[in-house]
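Undergrad: Encoded as structure tokens, here's the structure I'll be asking about.
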Amino acid sequence: MEINVFKFCSGLRVLGHVMILLVAAIVGVSYYAVVFLTYGPQLLRGGFDSFLSFTIVIIFHVLLVLLLWSYIRVVLKDPGSVPENWRAVSGEESLEVGTSLAAAEDGFERRSRGGGYCIHCQNGKPPRCHHCSICQRCVLKMDHHCVWVVNCVGACNYKFFLLFLLYTFLETTMVTIVLLPSFINFFGEAKNHSSAAKSAIIFLAFVLNFAFALSLLCFVVMHASLLSSNTTSVEVHEKKGVIRWKYDLGRKKNFEQVFGTKKSLWLFPLFSEDDLKKIPALRGLEFPTRSDVDA
């Protein structure tokens, strides 16, 4: 009797739901420490203190809304599924079905150049597609499976993940900075039993946000590098020894392959209908290469 060890990986999805609760808890502690304990009470004092507190609270809420919006989008959005009975086409067939950006929708969704075959899904694998042992399915332009979002990060939700990463880093960094004075005073106020609980919450919020800010900085830098070269986390191993990555179209085009061309939507977890139609990479079934651009 053969046992498929990879099926046990699907159990990691349970851990993901715990992570969602952990994210909610960290947000709750940070919100209580910043808004209710530290800067909320100063709003009615008047003068510069009120203005500074008002500015901090507004920026905190703006970043929090963008963070949660991006988080919800990356959690709920399908990263990209392979159409049933998908198959790659040969050069002659590609001319028949059309491989340009203006190809017919039916032919475009079910066929594209290149690809392979997944023995697990028993279906074709488009270019840059990989099988996730946790989700038990193939994911278009898979970057990685993220337990923090209980979902894979792929072609259709990579932008949302990057925005979530960015706004979380900015939020945790901001919380760390604005709570720093209270954190410094923690050891003196801890002797005062009346403010011990308040000081403990502020101390916990500061430590958590400081730790996350440091760790997220590494991820922000890493994914910025991957974005600039049009590479996924999985493909880092595939491109070793390659002089020039075939999907590297230049920084501007690489950025547009993920964020689209509409600048007004770059900072929001949204895509314009025009970009979804004109940029096939956002749908994850076909990707332009350097040879296409140079031709």
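The way I read the labels, and the way they are meant: chains A, B, ... in the order of the structure tokens, residue 1 as the first residue of every chain, and ligand 1 as the first ligand shown, with later ones counted on from there.
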Taking only C-alpha atoms into account, produce a table as JSON lines in which each residue of range 33-90 of chain A with an atom at most 12 Å from an atom of range 124-129 of chain A appears once, together with its shortest atom pair and the distance in Å to one decimal, ordered by chain and rising number.

TA:
{"residue": "A:Pro79", "atom": "CA", "partner": "A:Cys129", "partner_atom": "CA", "distance": 11.0}
{"residue": "A:Gly80", "atom": "CA", "partner": "A:Cys129", "partner_atom": "CA", "distance": 9.3}
{"residue": "A:Ser81", "atom": "CA", "partner": "A:Cys129", "partner_atom": "CA", "distance": 9.3}
{"residue": "A:Val82", "atom": "CA", "partner": "A:Lys125", "partner_atom": "CA", "distance": 7.2}
{"residue": "A:Pro83", "atom": "CA", "partner": "A:Gly124", "partner_atom": "CA", "distance": 8.8}
{"residue": "A:Glu84", "atom": "CA", "partner": "A:Gly124", "partner_atom": "CA", "distance": 8.5}
{"residue": "A:Asn85", "atom": "CA", "partner": "A:Gly124", "partner_atom": "CA", "distance": 6.8}
{"residue": "A:Trp86", "atom": "CA", "partner": "A:Gly124", "partner_atom": "CA", "distance": 5.2}
{"residue": "A:Arg87", "atom": "CA", "partner": "A:Gly124", "partner_atom": "CA", "distance": 4.9}
{"residue": "A:Ala88", "atom": "CA", "partner": "A:Pro126", "partner_atom": "CA", "distance": 6.9}
{"residue": "A:Val89", "atom": "CA", "partner": "A:Pro126", "partner_atom": "CA", "distance": 10.3}

Undergrad: Can those selected residues be exported to a file as a compact mmCIF listing (two decimals), in the first residue's frame so that it contains N, CA and C atoms?

TA:
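File result-v6.txt, as written:
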# COMPACT_ATOMS: atom_id res chain seq x y z
N PRO A 79 -5.81 32.28 -6.22
CA PRO A 79 -4.52 32.67 -6.81
C PRO A 79 -4.40 32.35 -8.30
N GLY A 80 -5.31 31.50 -8.79
CA GLY A 80 -5.27 31.13 -10.20
C GLY A 80 -5.35 29.63 -10.38
N SER A 81 -6.42 29.16 -10.99
CA SER A 81 -6.61 27.72 -11.21
C SER A 81 -6.45 27.39 -12.69
N VAL A 82 -5.94 26.19 -12.94
CA VAL A 82 -5.76 25.74 -14.32
C VAL A 82 -7.11 25.28 -14.86
N PRO A 83 -7.53 25.77 -16.01
CA PRO A 83 -8.80 25.32 -16.60
C PRO A 83 -8.78 23.81 -16.84
N GLU A 84 -9.93 23.19 -16.70
CA GLU A 84 -10.02 21.74 -16.92
C GLU A 84 -9.65 21.39 -18.36
N ASN A 85 -8.88 20.30 -18.49
CA ASN A 85 -8.43 19.81 -19.81
C ASN A 85 -7.56 20.81 -20.55
N TRP A 86 -6.86 21.64 -19.78
CA TRP A 86 -5.95 22.59 -20.42
C TRP A 86 -4.79 21.84 -21.06
N ARG A 87 -4.31 22.33 -22.17
CA ARG A 87 -3.13 21.72 -22.80
C ARG A 87 -2.34 22.80 -23.53
N ALA A 88 -1.04 22.55 -23.63
CA ALA A 88 -0.17 23.46 -24.37
C ALA A 88 -0.36 23.20 -25.85
N VAL A 89 -0.05 24.18 -26.67
CA VAL A 89 -0.19 24.02 -28.11
C VAL A 89 1.16 24.16 -28.78

Undergrad: Excluding Val220 in chain A and its own-chain neighbours fewer than 4 positions away, which residues fall within 7 Å of it when counting only C-alpha atoms? Please give them as a ChimeraX atom specification.

TA: /A:165-166,216,224

Undergrad: A:Leu208, A:Ala281, A:Leu276, A:Val258: which is nearest Gly28 in chain A, counting only C-alpha atoms?

TA: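 Result for the nearest residue to Gly28 in chain A: A:Leu208.
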
Undergrad: Find the residue from A:Ser195, A:Ser229, A:Thr289, A:Ser264 that sits nearest to Lys246 in chain A; use only C-alpha atoms when measuring.

TA: A:Thr289

Undergrad: Would you work out the distance separating CA of Trp69 in chain A from CA of Leu21 in chain A, expressed in Å to one decimal?

TA: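 Separation of CA of Trp69 in chain A and CA of Leu21 in chain A: 16.2 Å.
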
Undergrad: Extract, using only C-alpha atoms, all DNA, RNA and protein residues at most 7 Å from range 265-271 of chain A, discarding same-chain residues fewer than 5 positions from it, and format them as a PyMOL selection string.

TA: chain A and resi 70+73+159-160+259-260+276

Undergrad: Please provide the set of residues having any atom within 9 Å of Arg251 in chain A, restricted to only C-alpha atoms, with same-chain residues fewer than 5 positions apart removed, written as a VMD selection string.

TA: chain A and resid 227 to 230 256

Undergrad: Expressed in Å to a single decimal, how great is the separation between CA of Val221 in chain A and CA of Val74 in chain A?

TA: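 Those two atoms sit 19.6 Å apart.
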
Undergrad: Between CA of Gly284 in chain A and CA of Gly154 in chain A, what distance in Å does the model show, to one decimal?

TA: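 According to the coordinates, CA of Gly284 in chain A and CA of Gly154 in chain A are separated by 8.1 Å.
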
Undergrad: What are the DSSP alpha helix (DSSP H) residues of range 19-261 of chain A, as a PyMOL selection string?

TA: chain A and resi 19-31+47-76+91-97+105-110+158-184+186-189+196-228+235-238+251-259
